[in-house]
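Listing of start-v6.csv; format and content: CSV, C-alpha atoms.
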```csv
chain,number,residue,atom,x,y,z
A,1,MET,CA,100.8,64.5,51.8
A,2,LEU,CA,98.4,61.6,51.9
A,3,ASN,CA,99.2,58.1,53.1
A,4,LYS,CA,97.7,54.7,53.3
A,5,VAL,CA,99.8,53.4,56.2
A,6,ASN,CA,96.7,52.7,58.3
A,7,GLU,CA,95.0,50.8,55.5
A,8,PHE,CA,98.1,48.7,54.7
A,9,ARG,CA,98.8,48.0,58.4
A,10,LYS,CA,95.3,46.7,58.9
A,11,LYS,CA,95.5,44.6,55.7
A,12,PHE,CA,98.7,43.0,57.0
A,13,LYS,CA,97.2,42.7,60.5
A,14,PHE,CA,100.0,44.6,62.2
A,15,THR,CA,99.4,46.5,65.4
A,16,GLN,CA,100.9,50.0,65.6
A,17,GLU,CA,103.4,48.5,68.1
A,18,ASP,CA,104.4,45.7,65.6
A,19,LEU,CA,105.0,48.2,62.8
A,20,ALA,CA,106.9,50.5,65.1
A,21,ASN,CA,109.2,47.7,66.2
A,22,LYS,CA,109.8,46.6,62.6
A,23,LEU,CA,110.7,50.2,61.7
A,24,GLY,CA,112.7,51.0,64.8
A,25,VAL,CA,110.5,54.0,65.7
A,26,THR,CA,108.1,54.7,68.6
A,27,ARG,CA,104.4,53.8,68.4
A,28,GLN,CA,103.6,57.6,68.7
A,29,THR,CA,105.5,58.1,65.4
A,30,ILE,CA,103.2,55.6,63.6
A,31,ILE,CA,100.2,57.2,65.2
A,32,SER,CA,101.3,60.6,63.9
A,33,ILE,CA,102.0,59.4,60.4
A,34,GLU,CA,98.6,57.6,60.2
A,35,GLN,CA,96.9,60.8,61.4
A,36,GLY,CA,98.8,62.8,58.8
A,37,LYS,CA,100.3,65.0,61.6
A,38,TYR,CA,103.9,64.0,60.8
A,39,ILE,CA,105.3,63.4,57.3
A,40,ALA,CA,107.7,60.5,57.3
A,41,SER,CA,111.2,61.0,56.0
A,42,LEU,CA,112.2,59.5,52.6
A,43,PRO,CA,114.2,56.6,54.3
A,44,LEU,CA,111.3,55.8,56.7
A,45,ALA,CA,108.8,56.0,53.8
A,46,MET,CA,110.9,53.5,51.8
A,47,LYS,CA,111.1,51.2,54.8
A,48,ILE,CA,107.4,51.3,55.3
A,49,ALA,CA,106.8,50.5,51.6
A,50,ARG,CA,109.3,47.7,51.7
A,51,ILE,CA,107.6,46.1,54.7
A,52,PHE,CA,104.3,46.2,52.8
A,53,GLY,CA,106.0,45.0,49.6
A,54,VAL,CA,104.7,47.8,47.5
A,55,PRO,CA,106.2,50.9,45.8
A,56,VAL,CA,106.5,54.0,47.9
A,57,GLU,CA,103.9,55.9,45.8
A,58,GLU,CA,101.3,53.3,46.6
A,59,VAL,CA,101.6,54.2,50.3
A,60,PHE,CA,102.4,57.9,50.1
A,61,SER,CA,101.0,60.3,47.6
A,62,LEU,CA,100.9,64.1,47.1
A,63,GLU,CA,97.7,66.1,47.5
A,64,GLU,CA,96.3,68.2,44.7
A,65,GLY,CA,97.9,71.5,45.8
A,66,GLU,CA,101.3,69.9,46.5
A,67,LEU,CA,101.9,68.9,42.9
A,68,TYR,CA,103.5,72.1,41.8
B,15,MET,CA,121.9,57.1,61.9
B,16,LEU,CA,123.2,55.8,65.2
B,17,THR,CA,123.8,52.0,65.4
B,18,LYS,CA,123.4,49.9,68.5
B,19,GLU,CA,127.1,49.3,68.7
B,20,GLU,CA,127.8,53.1,68.4
B,21,LEU,CA,125.3,53.8,71.1
B,22,ARG,CA,126.9,51.3,73.4
B,23,ARG,CA,130.4,52.6,72.7
B,24,ARG,CA,129.4,56.2,73.2
B,25,SER,CA,127.7,55.3,76.4
B,26,LYS,CA,131.0,53.8,77.7
B,27,TYR,CA,132.9,57.0,77.0
B,28,LYS,CA,130.1,59.1,78.5
B,29,LEU,CA,130.0,56.9,81.6
B,30,ILE,CA,133.7,57.5,82.2
B,31,VAL,CA,133.2,61.3,81.8
B,32,MET,CA,130.2,61.3,84.1
B,33,ILE,CA,132.0,59.3,86.8
B,34,ILE,CA,134.8,61.9,86.7
B,35,SER,CA,132.2,64.7,86.8
B,36,VAL,CA,130.7,63.2,90.0
B,37,ILE,CA,134.0,62.7,91.7
B,38,LEU,CA,135.2,66.3,90.8
B,39,PRO,CA,132.5,68.4,92.4
B,40,ILE,CA,132.5,66.1,95.5
B,41,SER,CA,136.2,66.6,95.8
B,42,VAL,CA,135.7,70.4,95.5
B,43,VAL,CA,133.1,70.5,98.2
B,44,ILE,CA,135.3,68.4,100.5
B,45,ILE,CA,138.3,70.7,99.9
B,46,PHE,CA,136.2,73.8,100.6
B,47,SER,CA,134.7,72.2,103.7
B,48,ILE,CA,138.1,71.6,105.1
B,49,GLY,CA,139.4,75.0,104.1
B,50,ASP,CA,138.4,78.4,105.7
B,51,PHE,CA,135.6,79.4,103.4
B,52,ASP,CA,133.4,82.3,104.5
B,53,PHE,CA,129.9,83.1,103.2
B,54,SER,CA,129.1,85.8,105.7
B,55,ASP,CA,130.2,88.9,103.8
B,56,ASP,CA,127.5,88.5,101.1
B,57,SER,CA,124.4,90.7,101.5
B,58,VAL,CA,122.0,88.6,99.4
B,59,TYR,CA,122.8,85.5,101.3
B,60,ASN,CA,122.8,87.2,104.7
B,61,LYS,CA,119.1,88.0,104.2
B,62,TRP,CA,118.1,84.4,103.8
B,63,LYS,CA,120.3,82.6,106.2
B,64,PRO,CA,120.4,79.7,106.9
B,65,ILE,CA,118.5,78.7,103.7
B,66,SER,CA,120.9,80.6,101.5
B,67,TYR,CA,123.8,78.9,103.2
B,68,ALA,CA,122.4,75.5,102.3
B,69,PHE,CA,121.1,76.4,98.9
B,70,PRO,CA,124.4,76.0,97.0
B,71,TYR,CA,124.7,72.5,98.4
B,72,VAL,CA,121.1,71.7,97.5
B,73,LEU,CA,121.9,72.9,94.0
B,74,LEU,CA,125.0,70.8,93.9
B,75,ALA,CA,123.1,67.8,95.3
B,76,GLY,CA,120.6,68.2,92.4
B,77,PHE,CA,123.4,68.4,89.9
B,78,LEU,CA,125.0,65.3,91.3
B,79,ALA,CA,121.6,63.5,91.3
B,80,TRP,CA,121.3,64.3,87.6
B,81,LEU,CA,124.8,63.0,87.0
B,82,ILE,CA,124.1,59.8,88.9
B,83,TYR,CA,120.9,59.3,86.9
B,84,LYS,CA,123.0,59.6,83.7
B,85,ILE,CA,125.6,57.2,85.1
B,86,VAL,CA,122.8,54.6,85.8
B,87,ASP,CA,121.4,55.2,82.3
B,88,TYR,CA,124.7,54.6,80.6
B,89,ALA,CA,125.5,51.6,82.7
B,90,LEU,CA,122.1,50.0,81.8
B,91,ILE,CA,122.8,50.7,78.1
B,92,ILE,CA,126.1,48.8,78.4
B,93,LYS,CA,124.7,46.0,80.6
B,94,SER,CA,121.1,45.3,79.4
B,95,ASP,CA,120.2,44.4,75.8
B,96,LYS,CA,116.5,45.1,76.4
B,97,TYR,CA,117.3,48.6,77.7
B,98,LEU,CA,119.7,49.2,74.8
B,99,ASP,CA,116.9,48.3,72.4
B,100,LYS,CA,114.5,50.7,74.1
B,101,LYS,CA,117.0,53.5,74.2
B,102,PHE,CA,118.1,52.8,70.6
B,103,ILE,CA,114.5,53.3,69.3
B,104,TYR,CA,114.1,56.4,71.4
B,105,LYS,CA,117.4,57.9,70.2
B,106,ASN,CA,116.7,57.0,66.5
B,107,ASP,CA,113.0,57.9,66.4
B,108,GLU,CA,112.8,60.5,63.7
B,109,ARG,CA,109.8,62.2,65.1
B,110,ILE,CA,111.5,62.8,68.4
B,111,ARG,CA,114.7,63.9,66.6
B,112,TYR,CA,112.6,66.3,64.6
B,113,ILE,CA,111.1,67.8,67.8
B,114,TYR,CA,114.6,68.0,69.4
B,115,ARG,CA,115.8,70.0,66.4
B,116,PHE,CA,113.6,72.8,67.7
B,117,THR,CA,114.4,72.4,71.4
B,118,ASN,CA,117.7,70.7,71.8
B,119,SER,CA,120.0,72.3,69.3
B,120,LEU,CA,123.8,72.1,69.8
B,121,ALA,CA,123.9,75.9,70.5
B,122,SER,CA,121.2,75.5,73.1
B,123,LYS,CA,123.0,72.6,74.7
B,124,ILE,CA,126.3,74.6,74.9
B,125,PHE,CA,124.4,77.6,76.3
B,126,ILE,CA,122.7,75.6,79.0
B,127,TYR,CA,125.7,73.6,80.1
B,128,SER,CA,127.9,76.8,80.2
B,129,LEU,CA,125.2,78.5,82.2
B,130,SER,CA,125.0,75.5,84.6
B,131,VAL,CA,128.7,75.7,85.3
B,132,LEU,CA,128.5,79.5,85.8
B,133,ILE,CA,125.6,79.1,88.3
B,134,LEU,CA,127.6,76.5,90.2
B,135,ILE,CA,130.6,78.8,90.3
B,136,ALA,CA,128.4,81.8,91.3
B,137,THR,CA,126.8,79.9,94.2
B,138,PHE,CA,130.2,79.5,95.8
B,139,PHE,CA,132.1,82.6,94.7
B,140,LYS,CA,130.0,85.4,93.3
B,141,HIS,CA,126.6,85.5,95.0
B,142,GLU,CA,125.5,88.7,93.3
B,143,TYR,CA,125.4,87.0,89.9
B,144,PHE,CA,123.6,83.9,91.2
B,145,TRP,CA,120.0,85.0,91.0
B,146,PRO,CA,120.2,86.7,87.5
B,147,LEU,CA,121.9,83.6,86.2
B,148,LEU,CA,119.4,81.3,87.8
B,149,GLY,CA,116.6,83.4,86.3
B,150,VAL,CA,118.1,83.1,82.8
B,151,PHE,CA,118.5,79.3,83.4
B,152,VAL,CA,114.9,78.9,84.5
B,153,LEU,CA,113.6,81.0,81.6
B,154,HIS,CA,115.5,79.0,79.1
B,155,TRP,CA,114.1,75.8,80.5
B,156,ILE,CA,110.6,77.1,80.5
B,157,CYS,CA,111.0,78.1,76.8
B,158,GLN,CA,112.5,74.7,75.9
B,159,ILE,CA,109.7,72.8,77.7
B,160,SER,CA,107.0,74.9,76.1
B,161,VAL,CA,108.4,74.4,72.6
B,162,TYR,CA,108.7,70.7,73.3
B,163,ILE,CA,105.1,70.4,74.5
B,164,TYR,CA,103.9,72.5,71.6
B,165,TYR,CA,105.5,70.3,69.0
B,166,ARG,CA,104.8,67.0,70.8
B,167,ASN,CA,101.1,67.9,70.6
B,168,LYS,CA,101.3,69.3,67.1
B,169,ILE,CA,103.0,66.4,65.4
```
Show me this structure written as structure tokens.
Amino acid sequence: MLNKVNEFRKKFKFTQEDLANKLGVTRQTIISIEQGKYIASLPLAMKIARIFGVPVEEVFSLEEGELY
Amino acid sequence: MLTKEELRRRSKYKLIVMIISVILPISVVIIFSIGDFDFSDDSVYNKWKPISYAFPYVLLAGFLAWLIYKIVDYALIIKSDKYLDKKFIYKNDERIRYIYRFTNSLASKIFIYSLSVLILIATFFKHEYFWPLLGVFVLHWICQISVYIYYRNKI
């Protein structure tokens, strides 16, 4: 799973702490998502997309091998 | 998902249970201290006197300290909004919940709490079962901590 959380976060000038507070998660969760170590759940992914005002698939996308 | 109000309400119930849990063992110790309770006929404990004599009480003190920590924790959740927010985030953080799914399952919780009660009973009544039970308890905790550290670093 690929994600552009880091990219969007920087675009919106949020710190990891800001984003974590908005989402109600710890900063470590944001770090793990950005590093691709942890895959956000669907509700969290939708919340992230809503904060950035874009559809979920703009922030999260499947990798080549994950399509089928 | 747990809401803040739910967390506060549950903390109130847990606080009551915890306070009773503290009062109960203290009462038991007081009752046994007054009564004629003899440790001397146990071979395992005879070897290690007087440490072995004090050990059940040290264990009980540790258990009480943990209960008191939980009482303070629940009281702070009820009293302080800032602490509630912090706890709320920690409780609802999906990454932590995901890790706890491996380490802190309900079955594991029931096992460890039952074992704790058995150890406490064994320290006072059946000394020959104490060390094996304590061994299982420690091994279980080592496994849990290892799995927690592994997943905390992995994800």
With all atoms listed in the file counted and 10 Å as the cut-off, give the residues of chain B in contact with chain A, each with its shortest interatomic distance in Å and the pair that gives it, as CSV.
```
residue,atom,partner,partner_atom,distance
B:Asp99,CA,A:Gly24,CA,9.1
B:Lys100,CA,A:Thr26,CA,9.3
B:Phe102,CA,A:Gly24,CA,8.1
B:Ile103,CA,A:Gly24,CA,5.4
B:Tyr104,CA,A:Thr26,CA,6.8
B:Lys105,CA,A:Val25,CA,9.1
B:Asn106,CA,A:Val25,CA,6.9
B:Asp107,CA,A:Val25,CA,4.7
B:Glu108,CA,A:Val25,CA,7.2
B:Arg109,CA,A:Thr29,CA,5.9
B:Ile110,CA,A:Thr29,CA,8.2
B:Tyr112,CA,A:Tyr38,CA,9.8
B:Arg166,CA,A:Gln28,CA,9.7
B:Asn167,CA,A:Lys37,CA,9.5
B:Lys168,CA,A:Lys37,CA,7.1
B:Ile169,CA,A:Lys37,CA,4.9
```
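Separating CA of Ser122 (chain B) from CA of Cys157 (chain B) is a distance of 11.2 Å.
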Inset, instruction - Calculate how many Å separate CA of Ala45 (chain A) from CA of Gln158 (chain B), rounding to one decimal. - result: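 Separation between CA of Ala45 (chain A) and CA of Gln158 (chain B): 29.2 Å.
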Please put the answer as JSON: centre and edge lengths, in Å with one decimal, of a box along x, y and z that encloses all listed atoms of region 55-67 of chain A plus 8 Å on each side.
```
{"center_x": 101.4, "center_y": 61.2, "center_z": 46.6, "size_x": 26.2, "size_y": 36.6, "size_z": 23.4}
```
Legend entry - Atomic distance CA of Ile51 (chain A) - CA of Leu16 (chain B), expressed in Å with one decimal: 21.2 Å
Inset, instruction - Name all residues at most 12 Å from Arg50 (chain A) (count only C-alpha atoms; drop same-chain ones fewer than 4 positions away) and give them as a list in words. - result: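 The contact residues come out as Val5, Phe8, Leu19, Lys22, Leu23, Pro43, Leu44, Ala45, Met46, Val54, Pro55, Val56, Glu57, Glu58 and Val59 of chain A.
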Inset, instruction - Rank nothing, just name the residue among B:Ile30, B:Leu148, B:Val161, B:Leu21 nearest to Val86 (chain B), using only C-alpha atoms. - result: B:Ile30
